[in-house]
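Data file: final_0.tsv. Format and content: TSV, C-alpha atoms.
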```tsv
chain	number	residue	atom	x	y	z
B	1	MET	CA	14.08	-12.80	-11.94
B	2	GLY	CA	11.84	-11.78	-9.04
B	3	ARG	CA	8.51	-10.10	-9.40
B	4	LYS	CA	8.28	-6.34	-9.22
B	5	VAL	CA	7.09	-5.00	-5.85
B	6	ALA	CA	5.76	-1.60	-4.80
B	7	LEU	CA	5.22	-0.14	-1.34
B	8	VAL	CA	2.58	2.57	-1.15
B	9	ARG	CA	3.46	5.34	1.30
B	10	SER	CA	4.42	8.98	1.68
B	11	ALA	CA	5.34	11.26	4.55
B	12	GLN	CA	1.78	12.60	4.46
B	13	SER	CA	0.12	9.17	4.43
B	14	ILE	CA	2.28	7.96	7.31
B	15	GLN	CA	1.42	11.06	9.33
B	16	ALA	CA	-2.28	10.54	8.60
B	17	ALA	CA	-2.11	6.91	9.73
B	18	ASP	CA	-0.19	7.87	12.87
B	19	SER	CA	-3.13	10.01	13.99
B	20	LEU	CA	-5.54	7.07	14.31
B	21	PRO	CA	-6.26	6.83	18.06
B	22	SER	CA	-6.14	3.02	18.11
B	23	ASN	CA	-2.74	2.90	16.38
B	24	VAL	CA	-0.99	6.15	17.31
B	25	GLU	CA	2.41	6.41	15.57
B	26	ARG	CA	2.32	2.78	14.43
B	27	ALA	CA	2.95	3.61	10.78
B	28	SER	CA	6.12	5.53	11.65
B	29	ARG	CA	7.52	2.49	13.46
B	30	VAL	CA	6.66	0.13	10.62
B	31	HIS	CA	8.29	2.19	7.88
B	32	ALA	CA	11.31	3.10	9.99
B	33	LEU	CA	12.08	-0.60	10.44
B	34	ILE	CA	11.44	-1.37	6.76
B	35	ASP	CA	13.97	1.32	5.87
B	36	ALA	CA	16.42	0.19	8.57
B	37	PHE	CA	16.61	-3.19	6.84
B	38	GLY	CA	17.21	-1.45	3.50
B	39	LEU	CA	14.01	-2.78	1.95
B	40	ASN	CA	13.12	0.63	0.54
B	41	ASP	CA	15.95	0.09	-1.97
B	42	LYS	CA	14.50	-3.24	-3.14
B	43	LEU	CA	11.07	-2.03	-4.24
B	44	ASP	CA	9.28	0.89	-5.84
B	45	ILE	CA	7.83	3.57	-3.56
B	46	ILE	CA	4.44	4.84	-4.75
B	47	GLU	CA	3.09	8.00	-3.13
B	48	PRO	CA	-0.70	7.86	-2.73
B	49	GLU	CA	-3.15	10.65	-3.35
B	50	PRO	CA	-5.92	11.28	-0.82
B	51	LEU	CA	-9.20	9.89	-2.13
B	52	ASP	CA	-11.93	12.45	-2.89
B	53	ASN	CA	-15.59	12.13	-1.96
B	54	ASP	CA	-16.65	10.83	-5.36
B	55	ALA	CA	-14.20	7.94	-5.05
B	56	LEU	CA	-15.14	7.22	-1.43
B	57	THR	CA	-18.82	7.03	-2.30
B	58	ILE	CA	-18.25	4.29	-4.83
B	59	PHE	CA	-18.85	2.15	-1.72
B	60	HIS	CA	-19.75	4.41	1.20
B	61	SER	CA	-23.00	6.40	1.34
B	62	GLU	CA	-22.87	10.16	0.80
B	63	GLU	CA	-24.71	10.69	4.11
B	64	TYR	CA	-22.06	8.74	6.00
B	65	ILE	CA	-19.16	10.59	4.39
B	66	ASP	CA	-20.84	13.96	5.05
B	67	CYS	CA	-21.23	13.13	8.74
B	68	LEU	CA	-17.71	11.69	8.96
B	69	PHE	CA	-16.17	14.91	7.67
B	70	ALA	CA	-18.46	17.30	9.59
B	71	ILE	CA	-15.62	18.73	11.64
B	72	ASP	CA	-14.15	22.20	11.26
B	73	SER	CA	-10.60	23.46	11.43
B	74	ASP	CA	-10.91	24.14	15.16
B	75	SER	CA	-11.75	20.49	15.80
B	76	GLU	CA	-15.26	21.38	16.97
B	77	TYR	CA	-18.10	19.55	15.31
B	78	SER	CA	-20.43	21.56	13.10
B	79	TYR	CA	-23.39	21.56	15.45
B	80	GLY	CA	-24.87	24.92	14.57
B	81	SER	CA	-25.91	27.65	16.94
B	82	ASN	CA	-28.16	25.91	19.48
B	83	LYS	CA	-28.53	22.86	21.70
B	84	SER	CA	-31.09	21.26	19.40
B	85	ASP	CA	-28.60	21.29	16.52
B	86	GLU	CA	-25.98	19.74	18.77
B	87	ASP	CA	-28.34	16.96	19.86
B	88	ASP	CA	-29.31	16.28	16.24
B	89	GLU	CA	-25.67	16.02	15.22
B	90	LYS	CA	-24.88	13.65	18.08
B	91	ASP	CA	-27.83	11.48	17.10
B	92	ARG	CA	-26.53	11.43	13.54
B	93	GLN	CA	-23.07	10.40	14.71
B	94	GLN	CA	-24.64	7.61	16.75
B	95	ARG	CA	-26.53	6.38	13.69
B	96	PHE	CA	-23.35	6.25	11.63
B	97	GLY	CA	-21.31	4.52	14.35
B	98	LEU	CA	-19.13	7.56	15.03
B	99	VAL	CA	-19.05	7.00	18.79
B	100	HIS	CA	-17.10	4.95	21.35
B	101	ASP	CA	-14.28	3.11	19.52
B	102	CYS	CA	-14.98	5.14	16.38
B	103	ALA	CA	-15.49	8.60	17.86
B	104	LEU	CA	-14.52	11.49	15.61
B	105	PHE	CA	-11.01	12.85	16.17
B	106	GLU	CA	-8.85	15.63	14.82
B	107	GLY	CA	-7.29	14.34	11.63
B	108	VAL	CA	-9.99	11.79	10.81
B	109	GLU	CA	-10.58	13.20	7.33
B	110	GLU	CA	-6.90	13.00	6.37
B	111	HIS	CA	-6.68	9.50	7.85
B	112	VAL	CA	-9.68	8.27	5.87
B	113	ARG	CA	-8.64	9.87	2.58
B	114	TYR	CA	-5.08	8.49	2.73
B	115	ALA	CA	-6.02	5.03	4.05
B	116	ALA	CA	-8.45	4.62	1.16
B	117	GLY	CA	-6.25	6.43	-1.35
B	118	GLY	CA	-3.27	4.20	-0.58
B	119	THR	CA	-5.16	0.96	-1.06
B	120	VAL	CA	-6.81	2.18	-4.26
B	121	ALA	CA	-3.42	3.34	-5.55
B	122	ALA	CA	-1.99	-0.10	-4.80
B	123	ALA	CA	-4.90	-1.75	-6.60
B	124	ASN	CA	-4.51	0.53	-9.61
B	125	ILE	CA	-0.85	-0.31	-10.16
B	126	LEU	CA	-1.80	-4.00	-10.14
B	127	VAL	CA	-4.58	-3.29	-12.64
B	128	ASP	CA	-2.12	-1.43	-14.87
B	129	GLY	CA	0.41	-4.26	-14.61
B	130	GLN	CA	3.14	-1.97	-13.29
B	131	VAL	CA	3.97	-4.43	-10.49
B	132	GLN	CA	3.01	-7.93	-9.46
B	133	ILE	CA	2.94	-7.29	-5.69
B	134	ALA	CA	1.64	-4.10	-4.09
B	135	ILE	CA	1.84	-3.35	-0.36
B	136	HIS	CA	-0.07	-0.79	1.70
B	137	TRP	CA	0.42	-1.36	5.42
B	138	GLU	CA	-1.84	1.57	6.35
B	139	GLY	CA	-4.80	-0.19	4.73
B	140	GLY	CA	-6.81	-3.19	5.84
B	141	ARG	CA	-9.65	-1.39	7.69
B	142	HIS	CA	-11.98	-4.35	7.30
B	143	HIS	CA	-14.84	-3.66	9.75
B	144	SER	CA	-16.38	-0.50	8.31
B	145	GLN	CA	-19.78	-0.88	6.65
B	146	ARG	CA	-21.24	1.18	3.83
B	147	SER	CA	-22.88	3.65	6.22
B	148	LYS	CA	-21.28	2.89	9.54
B	149	ALA	CA	-17.88	3.06	11.21
B	150	ALA	CA	-16.96	0.04	13.31
B	151	GLY	CA	-14.04	-1.50	15.16
B	152	PHE	CA	-11.59	1.42	14.77
B	153	CYS	CA	-12.40	1.43	11.03
B	154	TYR	CA	-13.77	4.67	9.57
B	155	VAL	CA	-13.45	3.61	5.94
B	156	ASN	CA	-13.41	0.23	4.25
B	157	ASP	CA	-10.40	0.72	2.03
B	158	VAL	CA	-10.37	-3.04	1.39
B	159	VAL	CA	-13.73	-2.94	-0.39
B	160	LEU	CA	-12.69	0.14	-2.35
B	161	GLY	CA	-9.49	-1.62	-3.37
B	162	ILE	CA	-11.32	-4.75	-4.49
B	163	LEU	CA	-13.75	-2.66	-6.54
B	164	ALA	CA	-10.75	-1.02	-8.23
B	165	LEU	CA	-9.21	-4.43	-8.95
B	166	GLN	CA	-12.42	-5.54	-10.65
B	167	LYS	CA	-11.67	-3.14	-13.50
B	168	ARG	CA	-9.28	-5.82	-14.76
B	169	PHE	CA	-9.70	-8.97	-12.69
B	170	SER	CA	-12.86	-11.08	-12.88
B	171	ARG	CA	-12.20	-13.17	-9.77
B	172	VAL	CA	-10.76	-11.61	-6.61
B	173	LEU	CA	-9.80	-13.71	-3.60
B	174	TYR	CA	-9.75	-11.83	-0.29
B	175	ILE	CA	-7.89	-13.49	2.60
B	176	ASP	CA	-8.15	-12.05	6.11
B	177	LEU	CA	-5.54	-13.08	8.70
B	178	ASP	CA	-6.66	-10.65	11.42
B	179	LEU	CA	-7.60	-11.87	14.91
B	180	HIS	CA	-11.08	-10.46	14.24
B	181	HIS	CA	-13.54	-11.59	11.59
B	182	GLY	CA	-13.41	-9.57	8.38
B	183	ASP	CA	-17.11	-8.79	8.59
B	184	GLY	CA	-17.22	-5.54	6.63
B	185	VAL	CA	-15.59	-7.04	3.55
B	186	GLN	CA	-17.65	-10.22	3.76
B	187	ASP	CA	-20.88	-8.24	4.02
B	188	ALA	CA	-19.99	-6.05	1.03
B	189	PHE	CA	-19.61	-9.07	-1.26
B	190	LEU	CA	-22.04	-11.48	0.41
B	191	TYR	CA	-24.09	-11.88	-2.79
B	192	SER	CA	-21.16	-11.90	-5.23
B	193	SER	CA	-19.56	-14.82	-7.03
B	194	ARG	CA	-16.77	-12.59	-8.36
B	195	VAL	CA	-15.21	-12.07	-4.92
B	196	MET	CA	-14.44	-14.91	-2.54
B	197	THR	CA	-13.70	-13.98	1.06
B	198	LEU	CA	-11.70	-16.27	3.36
B	199	SER	CA	-11.34	-15.14	6.97
B	200	LEU	CA	-9.28	-16.96	9.62
B	201	HIS	CA	-10.07	-15.46	13.02
B	202	HIS	CA	-10.97	-16.04	16.66
B	203	TYR	CA	-14.62	-16.70	17.29
B	204	ASP	CA	-16.30	-16.86	20.69
B	205	ARG	CA	-19.44	-15.55	22.31
B	206	GLY	CA	-19.09	-11.84	22.95
B	207	PHE	CA	-15.84	-11.50	21.00
B	208	TYR	CA	-15.90	-8.63	18.50
B	209	PRO	CA	-17.50	-8.45	15.97
B	210	ASN	CA	-19.65	-11.39	17.08
B	211	SER	CA	-19.70	-12.86	13.58
B	212	GLY	CA	-17.80	-15.39	11.51
B	213	GLY	CA	-18.91	-18.49	13.40
B	214	GLU	CA	-20.50	-20.08	10.34
B	215	ILE	CA	-18.17	-21.78	7.89
B	216	SER	CA	-20.11	-20.49	4.88
B	217	GLU	CA	-22.18	-17.29	4.86
B	218	GLY	CA	-22.64	-16.42	1.17
B	219	ARG	CA	-26.12	-15.59	-0.13
B	220	GLY	CA	-27.79	-15.93	-3.53
B	221	ASN	CA	-25.18	-16.02	-6.28
B	222	GLY	CA	-22.58	-15.69	-3.52
B	223	ALA	CA	-23.46	-18.98	-1.83
B	224	GLY	CA	-20.19	-20.75	-1.09
B	225	TYR	CA	-18.08	-17.64	-1.72
B	226	SER	CA	-17.86	-16.33	1.88
B	227	VAL	CA	-15.74	-18.78	3.86
B	228	ASN	CA	-14.85	-18.56	7.54
B	229	VAL	CA	-12.33	-20.44	9.66
B	230	PRO	CA	-13.26	-19.81	13.33
B	231	LEU	CA	-10.33	-20.67	15.60
B	232	GLN	CA	-10.07	-21.18	19.33
B	233	ARG	CA	-8.14	-19.36	22.03
B	234	GLY	CA	-4.43	-20.10	22.11
B	235	THR	CA	-4.09	-20.81	18.39
B	236	ASN	CA	-0.37	-21.32	17.76
B	237	ASP	CA	1.79	-21.32	14.64
B	238	SER	CA	1.39	-25.04	14.05
B	239	SER	CA	-2.41	-24.98	14.11
B	240	PHE	CA	-2.66	-21.79	12.06
B	241	ILE	CA	-0.23	-22.90	9.37
B	242	HIS	CA	-1.85	-26.33	9.14
B	243	VAL	CA	-5.39	-25.07	8.68
B	244	PHE	CA	-4.37	-22.16	6.43
B	245	SER	CA	-2.41	-24.38	4.06
B	246	ALA	CA	-5.21	-26.93	3.82
B	247	VAL	CA	-8.05	-24.43	3.40
B	248	ALA	CA	-6.27	-21.91	1.18
B	249	ASN	CA	-5.23	-24.53	-1.34
B	250	LYS	CA	-8.78	-25.87	-1.54
B	251	VAL	CA	-10.04	-22.33	-2.12
B	252	LEU	CA	-7.41	-21.81	-4.81
B	253	THR	CA	-8.53	-24.92	-6.65
B	254	ALA	CA	-12.24	-24.17	-6.36
B	255	PHE	CA	-12.14	-20.46	-7.19
B	256	ASP	CA	-9.03	-20.03	-9.37
B	257	PRO	CA	-8.58	-16.32	-8.51
B	258	GLU	CA	-6.94	-13.88	-10.87
B	259	VAL	CA	-5.69	-11.65	-8.03
B	260	ILE	CA	-5.36	-12.05	-4.27
B	261	VAL	CA	-5.85	-9.44	-1.54
B	262	VAL	CA	-4.47	-10.32	1.91
B	263	GLN	CA	-5.33	-8.41	5.07
B	264	CYS	CA	-2.38	-9.09	7.39
B	265	GLY	CA	-3.76	-7.82	10.68
B	266	CYS	CA	-1.31	-9.03	13.31
B	267	ASP	CA	-3.30	-8.70	16.52
B	268	GLY	CA	-3.08	-12.49	16.72
B	269	LEU	CA	0.61	-12.26	17.58
B	270	ALA	CA	1.52	-13.53	21.04
B	271	GLY	CA	2.94	-10.12	21.89
B	272	ASP	CA	-0.27	-8.26	21.08
B	273	PRO	CA	-2.23	-6.84	24.04
B	274	HIS	CA	-5.22	-9.05	23.11
B	275	LYS	CA	-3.24	-12.18	24.08
B	276	ILE	CA	-5.79	-14.51	22.51
B	277	PHE	CA	-3.83	-16.19	19.73
B	278	ASN	CA	-0.26	-17.33	20.37
B	279	LEU	CA	1.25	-16.66	16.95
B	280	THR	CA	4.70	-15.52	15.88
B	281	SER	CA	5.62	-13.91	12.59
B	282	ASN	CA	6.24	-17.45	11.26
B	283	ALA	CA	2.47	-17.99	10.89
B	284	PHE	CA	2.16	-14.87	8.74
B	285	ALA	CA	5.38	-15.58	6.84
B	286	CYS	CA	4.28	-19.11	5.90
B	287	SER	CA	0.84	-17.86	4.87
B	288	ILE	CA	2.25	-15.11	2.64
B	289	LYS	CA	4.82	-17.46	1.12
B	290	THR	CA	1.96	-19.80	0.23
B	291	VAL	CA	-0.06	-17.00	-1.40
B	292	LEU	CA	2.89	-15.55	-3.31
B	293	GLY	CA	3.81	-19.06	-4.42
B	294	TRP	CA	0.62	-19.10	-6.47
B	295	GLU	CA	2.33	-16.51	-8.71
B	296	ARG	CA	-0.69	-14.27	-9.18
B	297	PRO	CA	-0.90	-10.53	-8.62
B	298	ALA	CA	-1.19	-9.81	-4.90
B	299	LEU	CA	-2.15	-6.86	-2.72
B	300	LEU	CA	-0.89	-6.98	0.88
B	301	LEU	CA	-2.63	-4.78	3.46
B	302	GLY	CA	-2.25	-4.08	7.16
B	303	GLY	CA	-5.04	-4.20	9.71
B	304	GLY	CA	-5.23	-4.80	13.44
B	305	GLY	CA	-2.21	-4.91	15.71
B	306	TYR	CA	-1.72	-2.93	18.90
B	307	SER	CA	1.88	-3.57	19.86
B	308	LEU	CA	3.98	-1.17	17.80
B	309	PRO	CA	7.19	-3.24	17.79
B	310	GLU	CA	5.32	-6.46	17.00
B	311	CYS	CA	3.55	-4.90	14.03
B	312	ALA	CA	6.78	-3.42	12.75
B	313	ARG	CA	8.59	-6.75	13.07
B	314	CYS	CA	5.85	-8.70	11.32
B	315	TRP	CA	5.14	-6.35	8.44
B	316	THR	CA	8.83	-5.70	7.83
B	317	ARG	CA	9.39	-9.44	7.53
B	318	LEU	CA	6.45	-9.76	5.13
B	319	THR	CA	7.83	-6.89	3.07
B	320	ALA	CA	11.14	-8.74	2.80
B	321	ILE	CA	9.34	-11.93	1.72
B	322	ALA	CA	7.52	-9.97	-0.99
B	323	CYS	CA	10.94	-8.74	-2.17
B	324	GLY	CA	12.15	-12.33	-2.52
B	325	TYR	CA	13.95	-13.12	0.70
B	326	ASP	CA	13.23	-13.63	4.38
B	327	ILE	CA	14.45	-12.09	7.63
B	328	ALA	CA	15.29	-14.66	10.29
B	329	PRO	CA	13.37	-14.14	13.54
B	330	GLU	CA	16.70	-14.25	15.35
B	331	ALA	CA	18.07	-11.36	13.30
B	332	ASP	CA	19.11	-8.23	15.15
B	333	VAL	CA	17.01	-5.13	14.73
B	334	PRO	CA	19.22	-2.61	12.89
B	335	GLU	CA	20.17	0.71	14.43
B	336	HIS	CA	17.43	3.28	13.85
B	337	VAL	CA	15.50	5.95	15.70
B	338	PHE	CA	13.13	3.49	17.45
B	339	LEU	CA	15.71	0.83	18.36
B	340	ASN	CA	15.17	1.19	22.12
B	341	GLU	CA	11.57	0.03	21.72
B	342	TYR	CA	12.85	-3.46	20.84
B	343	ALA	CA	14.47	-4.04	24.24
B	344	PRO	CA	15.52	-6.27	25.84
B	345	GLY	CA	16.37	-8.65	22.98
B	346	PHE	CA	16.71	-6.11	20.14
B	347	ASP	CA	15.84	-8.89	17.69
B	348	MET	CA	12.96	-9.85	15.40
B	349	LEU	CA	11.61	-12.58	17.67
B	350	THR	CA	8.08	-12.75	19.07
B	351	ASP	CA	8.04	-14.46	22.47
B	352	VAL	CA	5.22	-16.99	22.73
B	353	MET	CA	3.00	-17.38	25.78
B	354	LEU	CA	2.77	-20.48	27.96
B	355	ILE	CA	-0.87	-21.15	27.15
B	356	GLU	CA	-2.73	-24.12	25.73
B	357	ASP	CA	-3.89	-24.23	22.13
B	358	SER	CA	-7.60	-25.02	22.45
B	359	ASN	CA	-7.82	-26.24	18.85
B	360	THR	CA	-7.72	-30.03	18.68
B	361	ASN	CA	-6.58	-31.85	15.57
B	362	ALA	CA	-10.09	-33.20	15.22
B	363	TYR	CA	-11.54	-29.69	15.34
B	364	LEU	CA	-9.12	-28.36	12.73
B	365	ASP	CA	-9.79	-31.33	10.46
B	366	SER	CA	-13.53	-30.77	10.81
B	367	ILE	CA	-13.09	-27.16	9.65
B	368	VAL	CA	-11.12	-28.24	6.60
B	369	GLN	CA	-13.81	-30.78	5.72
B	370	ALA	CA	-16.59	-28.23	6.24
B	371	VAL	CA	-14.85	-25.71	4.01
B	372	GLN	CA	-14.42	-28.33	1.30
B	373	ALA	CA	-18.14	-29.14	1.47
B	374	ALA	CA	-19.13	-25.46	1.41
B	375	LEU	CA	-17.08	-24.35	-1.57
B	376	PRO	CA	-18.89	-23.83	-4.86
B	377	ASN	CA	-18.78	-26.67	-7.35
B	378	GLN	CA	-15.98	-26.39	-9.87
B	379	SER	CA	-17.12	-25.85	-13.43
```
Could you write out this structure as structure tokens?
Amino acid sequence: MGRKVALVRSAQSIQAADSLPSNVERASRVHALIDAFGLNDKLDIIEPEPLDNDALTIFHSEEYIDCLFAIDSDSEYSYGSNKSDEDDEKDRQQRFGLVHDCALFEGVEEHVRYAAGGTVAAANILVDGQVQIAIHWEGGRHHSQRSKAAGFCYVNDVVLGILALQKRFSRVLYIDLDLHHGDGVQDAFLYSSRVMTLSLHHYDRGFYPNSGGEISEGRGNGAGYSVNVPLQRGTNDSSFIHVFSAVANKVLTAFDPEVIVVQCGCDGLAGDPHKIFNLTSNAFACSIKTVLGWERPALLLGGGGYSLPECARCWTRLTAIACGYDIAPEADVPEHVFLNEYAPGFDMLTDVMLIEDSNTNAYLDSIVQAVQAALPNQS
């Protein structure tokens, strides 16, 4: 008998996620395709509650949350009555990272409360033992720091979810498959031996967030518990699957986690506008099959990904895998409201690019060896 699976979502949470400027209407596409394949009938649907300030400040600072939500119903920031107040407020927004890629927008409060609330709800049903696999595709905002927005991430729902999981689980393994380094989560648990972070990502000079180049970055009691796998431009399925399988199994042996959280950011797909990695959904499918094969409670989250059809294809396939079966990449996309966006093939395939994989076998083997050397000694 398969394990029980829950998908966290509601009409309100999808609408809140759709308002995020970097991923406008992505959530609607993802859940429409999940439903088109009939997966909503194969799992439990859990409707999240928006997280209140007390719950948000378990990780984030009160000053940051106050600034983040300092927007009135007319979408004008609460500057006060004079230019000095306006300048002070803009300086405060700058200090908290609420500029440029994380500028305030109408709907930011609802987005933050539901993104965090969904991940915490998913964590709580794992803590309660209601399900063995919980999914929240609107989560995975891994860049946000305690008092600063960063990289399109206004809240670090991942950290909040891990903190919720620690009510029951002593050892939490966090795996980050996003194109970008999972810096916010790593930094939050840098000194902890109860949370191990494993991030596979692209690393190069000037590439955001300009971190994750060191194989091991843990500090104090956390030495050996923050592991990075920096990969080169053009990383394809073969390289990714090879290094993930080798590294993840070593981490499993060394850390013996009681629960696993996976951030499934899919901006490494060949069809993503970044066009840096050359992955298909097979890389993510193999990785998730490996993790679920460990037969431990698992929380699957979303993350980066800026092609709406590619995200929908990938996360729908991962949802199916969580439910106990796979969707072939050659499968037709079922009839649904967004079908025309899958032209011209109308299938689940990701077309790869004709680019070289800059990772050599020697380089990948050196990473695996370095990770093995960096992991904490087994007791």
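Distance-wise, CA of Val251 (chain B) and CA of Gln263 (chain B) end up 16.4 Å apart.
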Residue contacts of Asn221 (chain B) (10 Å, all atoms listed in the file) excluding same-chain residues fewer than 6 positions away, as number ranges by chain
B: 190-194
Restricting the output to C-alpha atoms, write the selected residues as a short mmCIF file (atom, residue, chain, number, x, y, z; two decimals), keeping the file's coordinate frame.
```cif
data_model
loop_
_atom_site.label_atom_id
_atom_site.label_comp_id
_atom_site.auth_asym_id
_atom_site.auth_seq_id
_atom_site.Cartn_x
_atom_site.Cartn_y
_atom_site.Cartn_z
CA LEU B 190 -22.04 -11.48 0.41
CA TYR B 191 -24.09 -11.88 -2.79
CA SER B 192 -21.16 -11.90 -5.23
CA SER B 193 -19.56 -14.82 -7.03
CA ARG B 194 -16.77 -12.59 -8.36
#
```
Report the closest atom pair, with its distance in Å rounded to one decimal, for each residue of region 291-362 of chain B that has an atom no farther than 7 Å from region 259-262 of chain B; count all atoms listed in the file, sort by chain and then rising residue number, and write it as CSV.
```
residue,atom,partner,partner_atom,distance
B:Arg296,CA,B:Val259,CA,5.8
B:Pro297,CA,B:Val259,CA,5.0
B:Ala298,CA,B:Ile260,CA,4.8
B:Leu299,CA,B:Val261,CA,4.7
B:Leu300,CA,B:Val262,CA,5.0
B:Leu301,CA,B:Val262,CA,6.0
```
Exercise: Ala150 (chain B) partners within 12 Å, only C-alpha atoms, chain neighbours under 3 positions left out, as a list in words
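Within the cut-off, the hits are Gln94, Arg95, Phe96, Gly97, Leu98, Val99, His100, Asp101, Cys102, Ala103, Leu104, Arg141, His142, His143, Ser144, Gln145, Arg146, Ser147, Cys153, Tyr154, Val155, Asn156, Gly182, Asp183, Gly184, Tyr208 and Pro209 of chain B.
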Around (-12.5, 14.1, 0.4) in the file's own coordinates, what residues are found within 12 Å if you use only C-alpha atoms, given back as a list in words?
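The distance filter leaves exactly Glu49, Pro50, Leu51, Asp52, Asn53, Asp54, Ala55, Leu56, Thr57, Glu62, Ile65, Asp66, Leu68, Phe69, Ala70, Val108, Glu109, Glu110, His111, Val112, Arg113, Tyr114, Ala115, Ala116, Gly117 and Val155 of chain B.
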So that each row is one residue of region 157-241 of chain B with an atom at most 12 Å from region 133-136 of chain B, can you give its shortest atom pair and the distance in Å to one decimal, using all atoms listed in the file, rows by chain and rising number, as CSV?
```
residue,atom,partner,partner_atom,distance
B:Asp157,CA,B:His136,CA,10.4
B:Val158,CA,B:His136,CA,10.5
B:Gly161,CA,B:His136,CA,10.7
B:Leu165,CA,B:Ala134,CA,11.9
```
